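Asker: A single structure is presented below for examination.
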Amino acid sequence: MIAAAGLLYLGLFAIAASMGRHRRALSGPWHQPATAPLLAPVGWCLILRSLLAMLPHWQGGVGLVSWIGLLPLLGGALLLGLSYRPRWLVHGAAAAVLLSLAGALIGA
Amino acid sequence: MSALPSAAVREGMRQCMAWLHGWTGLLLGHVLFLMCLTGTLTVFKAEISRWMRPETTASAAPADAMVAATRWLERNTSGSTGWFLTAPDSHQNAVQATYDGTGGYVTRALDPVSGAPVARETLGGEFFYRFHFELELPYPWGRLLASLAGRVMLTALGTGIIAHKRIFKDIFTFRPTKGQRSWLDGHNALGVLALPFHIMITFTGVLTLASLNLPWGMAAGYGADVATLYSDLTPGSVTRPALGEKAPLAPIAPMLAHAQRHFGGAPIGRVYVFNPGDKGAVVVVYPSDQKAIGYMPGEISFDGATGAVLKAWTENRPAVRAYQTVYGLHMARFAPELTRWLYFLGGAMLTMAIATGMVLWIVKRRERAPLSIGNRILERLNVGMLTGAPIGAAAFLIANRLLPLGMADRAQAEVSAALWSAGAVMVAGLALRPAIGWPVLLGALAVACACAALLGPIWAGGPVMVTINLMLLGVALALTPLILRQTKRLSAPVPLRRRMAPA
């Protein structure tokens, strides 16, 4: 579930960064002309990948329910971050990369 | 065809949906707020029950606790028609028992070690659970209203997606301190970020009351023959009348051990004893439903007098399993700790989405033109209900700490305290000018939450006690800036209307 949470955050982050309104708040190297158009599709792929990362914890649907619960948690964090502390979100993305890797390594 | 008519159709459709969204939300919004608030609290029903019984700290294995409970009931009840026991688990430590002793049925928490009712008589989290779908109304009216409200909620969710046209574009947008804009942003975000959860919980919630709101299949198949319907629905159950001949209950521990082997090691969830003390007694054992989403996966019945197995049943019929899964999804008893917190978050967001929607209705109209008399009453009702319901819940917790232990009908007195204080706040909300009502009543809510946390044992009973106290203090703390902002606005000159009404 750790890897799924990290990937979901990254996916939502990429989608938010692709939006005109949040471009400035979430600015970073991903906004270079070559990568900017890829942000939204990559974001969706990461969200899908996050759902796939729940498969080992599926337990007859419990995994899917938990994942659906993660959505408002991480989405809410992004929303509040964008309104009050946008720079934290960029650090959060770095942490999410580490989390996803750690989660994938320990299989959690 | 030009693009113009289709755009007009789309806009007309959106306006229709916005109208429906507004009115469905308006008509049953307050009922839905009550249901969502109590439903959200019910996620931690067992933990709230623990908080409300701070003296009961002992714990025992489910089977041992059941043995203790039946032993106590055997000694202290006679001529009972049934004992319905729910075993302790990782969330609750007491045995939940409903039984008839002298007079009608009573529901008590039994100590897991001694089996006797615990000293602090309280409904605990069960109050919120019952309120969630019965609304303290007599049967079947409460359930009917709840199921109507559930369907209205489903309509409001569906129409909301169309009515709020930018929800997916503005999914991460919240612009604070901008009046109507902020309320709209908040309402959208609370609704859309947890949309899959909202749809799931509303849909499964409506289906838990399916026998009330979709009775026609049953009526067509069985008519008035409820007994056949019941035995077809639960072929594992054994119904036999009392024989009128006394016979002591056989030792229950071997039956529980047998049941546990039958369930493949899943712990005991519930034990029902029909006609205890009679030769025709039946003991039914159900496994715990914490292992999978599906509810009531099987049962095993024993002859109460001899202890012999009467019938064992594992539910494998796809339609029944599907219903049990839907039911289980709503009840969330399967959910591991983290998933429960996520259920709580989703529920809290739905509660706040409803509250912000109710406020938004007023804010939107106030910024356009002076409020009509109906909307002025609604504004005050909002103040009363949106603060009254949580104050009632907090009063329930405070009454639990303050009422003397030996008081007669103590559990009912706690409920009365909750309902009367919620009612009093409603009246205050109607009487006070909203500009004064909001800060005063939100202040009362913050004080009530802080009192509930600080009155009782703060650390006793382990992490559950501490966590709930911290959450109560957290609510009080989170309300403080809101209250301060409103009192500041109260002392400031009358705010300018942003948009004037057309002359």
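Residues in the structure tokens are named by chain (A, B, ... in the order shown) and by number from 1 within that chain; ligands are numbered from 1 in the order shown.
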With a cut-off of 10 Å, could you pull out the residues of chain B touching chain A and give me the nearest pair of atoms for each, distance in Å to one decimal, using only C-alpha atoms, ordered by chain and ascending number, as CSV?

Answerer:
```
residue,atom,partner,partner_atom,distance
B:Lys169,CA,A:Met19,CA,8.2
B:Asp170,CA,A:Arg21,CA,8.8
B:Ile171,CA,A:Leu79,CA,7.8
B:Phe172,CA,A:Leu79,CA,4.6
B:Thr173,CA,A:Leu79,CA,6.1
B:Phe174,CA,A:Ser83,CA,6.0
B:Arg175,CA,A:Ser83,CA,6.6
B:Pro176,CA,A:Ser83,CA,7.4
B:Gly186,CA,A:Leu79,CA,9.8
B:Ala189,CA,A:Gly76,CA,7.9
B:Leu190,CA,A:Gly76,CA,8.2
B:Gly191,CA,A:Pro72,CA,9.5
B:Val192,CA,A:Pro72,CA,8.5
B:Leu193,CA,A:Pro72,CA,4.9
B:Ala194,CA,A:Pro72,CA,4.8
B:Leu195,CA,A:Pro72,CA,8.3
B:Pro196,CA,A:Ile68,CA,6.5
B:Phe197,CA,A:Ile68,CA,6.2
B:His198,CA,A:Ile68,CA,9.9
B:Met200,CA,A:Val65,CA,9.2
B:Lys291,CA,A:Gln59,CA,9.2
B:Ala292,CA,A:Gly60,CA,7.1
B:Ile293,CA,A:Val62,CA,6.9
B:Gly294,CA,A:Gly60,CA,9.2
B:Thr325,CA,A:Gly61,CA,9.6
B:Leu329,CA,A:Val65,CA,8.3
B:Ala332,CA,A:Val62,CA,9.7
B:Phe334,CA,A:Val62,CA,7.9
B:Ala335,CA,A:Val62,CA,7.2
B:Pro336,CA,A:Val62,CA,8.7
B:Leu338,CA,A:Ser66,CA,8.0
B:Thr339,CA,A:Ser66,CA,5.3
B:Arg340,CA,A:Ser66,CA,8.7
B:Trp341,CA,A:Gly69,CA,8.6
B:Leu342,CA,A:Gly69,CA,4.9
B:Tyr343,CA,A:Gly69,CA,6.5
B:Phe344,CA,A:Gly69,CA,9.1
B:Leu345,CA,A:Leu73,CA,7.4
B:Gly346,CA,A:Gly69,CA,6.7
B:Met349,CA,A:Pro72,CA,8.5
```

Asker: If you run DSSP on this backbone, which residues of stretch 5-97 of chain A come out as helix (DSSP H, G or I), and could you give them as a ChimeraX atom specification?

Answerer: /A:5-18,20-22,29-31,36-53,55-57,59-84,86-97

Asker: Name all residues at most 12 Å from stretch 221-232 of chain B (count only C-alpha atoms; drop same-chain ones fewer than 6 positions away) and give them as a PyMOL selection string.

Answerer: chain B and resi 211+215+238-239+315+317+320

Asker: What's the 10 Å shell around B:Ile458, counting only C-alpha atoms, without same-chain residues fewer than 5 positions away, as a PyMOL selection string?

Answerer: chain B and resi 51+54+453+463+465-470

Asker: Take the residues from that selection and write them out as a CSV table (one decimal), in the first residue's frame, keeping all heavy atoms.

Answerer:
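Dumped everything to part.csv:
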```csv
chain,number,residue,atom,x,y,z
B,51,TRP,N,-14.3,3.9,24.7
B,51,TRP,CA,-14.1,5.2,25.3
B,51,TRP,C,-15.2,5.4,26.4
B,51,TRP,O,-14.9,6.0,27.5
B,51,TRP,CB,-14.2,6.3,24.3
B,51,TRP,CG,-13.8,7.7,24.8
B,51,TRP,CD1,-12.6,8.3,24.7
B,51,TRP,CD2,-14.7,8.7,25.3
B,51,TRP,NE1,-12.7,9.6,25.2
B,51,TRP,CE2,-14.0,9.8,25.6
B,51,TRP,CE3,-16.1,8.7,25.6
B,51,TRP,CZ2,-14.5,11.0,26.1
B,51,TRP,CZ3,-16.6,9.8,26.1
B,51,TRP,CH2,-15.9,11.0,26.4
B,54,PRO,N,-14.8,3.3,30.4
B,54,PRO,CA,-13.4,3.4,30.7
B,54,PRO,C,-13.0,2.3,31.8
B,54,PRO,O,-11.8,2.0,31.9
B,54,PRO,CB,-13.1,4.8,31.2
B,54,PRO,CG,-14.5,5.3,31.6
B,54,PRO,CD,-15.5,4.6,30.7
B,453,ALA,N,-13.4,15.7,26.2
B,453,ALA,CA,-12.0,15.1,26.2
B,453,ALA,C,-11.4,15.2,27.6
B,453,ALA,O,-10.7,14.3,28.0
B,453,ALA,CB,-11.2,15.8,25.2
B,463,PRO,N,-4.4,3.2,24.1
B,463,PRO,CA,-4.4,4.2,23.0
B,463,PRO,C,-5.7,4.6,22.5
B,463,PRO,O,-5.9,5.8,22.0
B,463,PRO,CB,-3.6,3.4,21.9
B,463,PRO,CG,-3.7,2.0,22.3
B,463,PRO,CD,-3.7,1.9,23.8
B,465,MET,N,-8.5,5.4,24.2
B,465,MET,CA,-8.9,6.6,25.0
B,465,MET,C,-8.2,7.8,24.6
B,465,MET,O,-8.8,8.9,24.4
B,465,MET,CB,-8.6,6.2,26.5
B,465,MET,CG,-9.2,7.1,27.5
B,465,MET,SD,-11.0,6.9,27.6
B,465,MET,CE,-11.2,5.2,28.2
B,466,VAL,N,-6.8,7.7,24.5
B,466,VAL,CA,-6.0,8.9,24.2
B,466,VAL,C,-6.4,9.4,22.8
B,466,VAL,O,-6.5,10.6,22.6
B,466,VAL,CB,-4.5,8.5,24.2
B,466,VAL,CG1,-3.7,9.8,24.0
B,466,VAL,CG2,-4.2,7.8,25.5
B,467,THR,N,-6.5,8.5,21.8
B,467,THR,CA,-6.7,8.9,20.4
B,467,THR,C,-8.1,9.7,20.3
B,467,THR,O,-8.1,10.8,19.7
B,467,THR,CB,-6.8,7.7,19.5
B,467,THR,OG1,-5.6,6.9,19.8
B,467,THR,CG2,-6.8,8.1,18.0
B,468,ILE,N,-9.1,9.1,21.0
B,468,ILE,CA,-10.4,9.8,20.9
B,468,ILE,C,-10.3,11.2,21.6
B,468,ILE,O,-10.9,12.2,21.0
B,468,ILE,CB,-11.5,8.9,21.4
B,468,ILE,CG1,-11.6,7.7,20.5
B,468,ILE,CG2,-12.8,9.7,21.5
B,468,ILE,CD1,-12.8,6.8,20.8
B,469,ASN,N,-9.7,11.2,22.7
B,469,ASN,CA,-9.6,12.5,23.4
B,469,ASN,C,-8.8,13.5,22.5
B,469,ASN,O,-9.2,14.7,22.4
B,469,ASN,CB,-8.8,12.3,24.7
B,469,ASN,CG,-9.7,11.7,25.8
B,469,ASN,OD1,-11.0,11.9,25.7
B,469,ASN,ND2,-9.2,11.0,26.7
B,470,LEU,N,-7.8,13.1,21.9
B,470,LEU,CA,-7.0,14.0,21.0
B,470,LEU,C,-7.8,14.4,19.8
B,470,LEU,O,-7.8,15.6,19.4
B,470,LEU,CB,-5.7,13.3,20.5
B,470,LEU,CG,-4.6,13.2,21.6
B,470,LEU,CD1,-3.4,12.4,21.0
B,470,LEU,CD2,-4.2,14.6,22.0
```

Asker: Report, in Å with one decimal, the straight-line distance from atom CA of B:Leu378 to atom CA of B:Ala424.

Answerer: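 Going from atom CA of B:Leu378 over to atom CA of B:Ala424 covers 17.1 Å.
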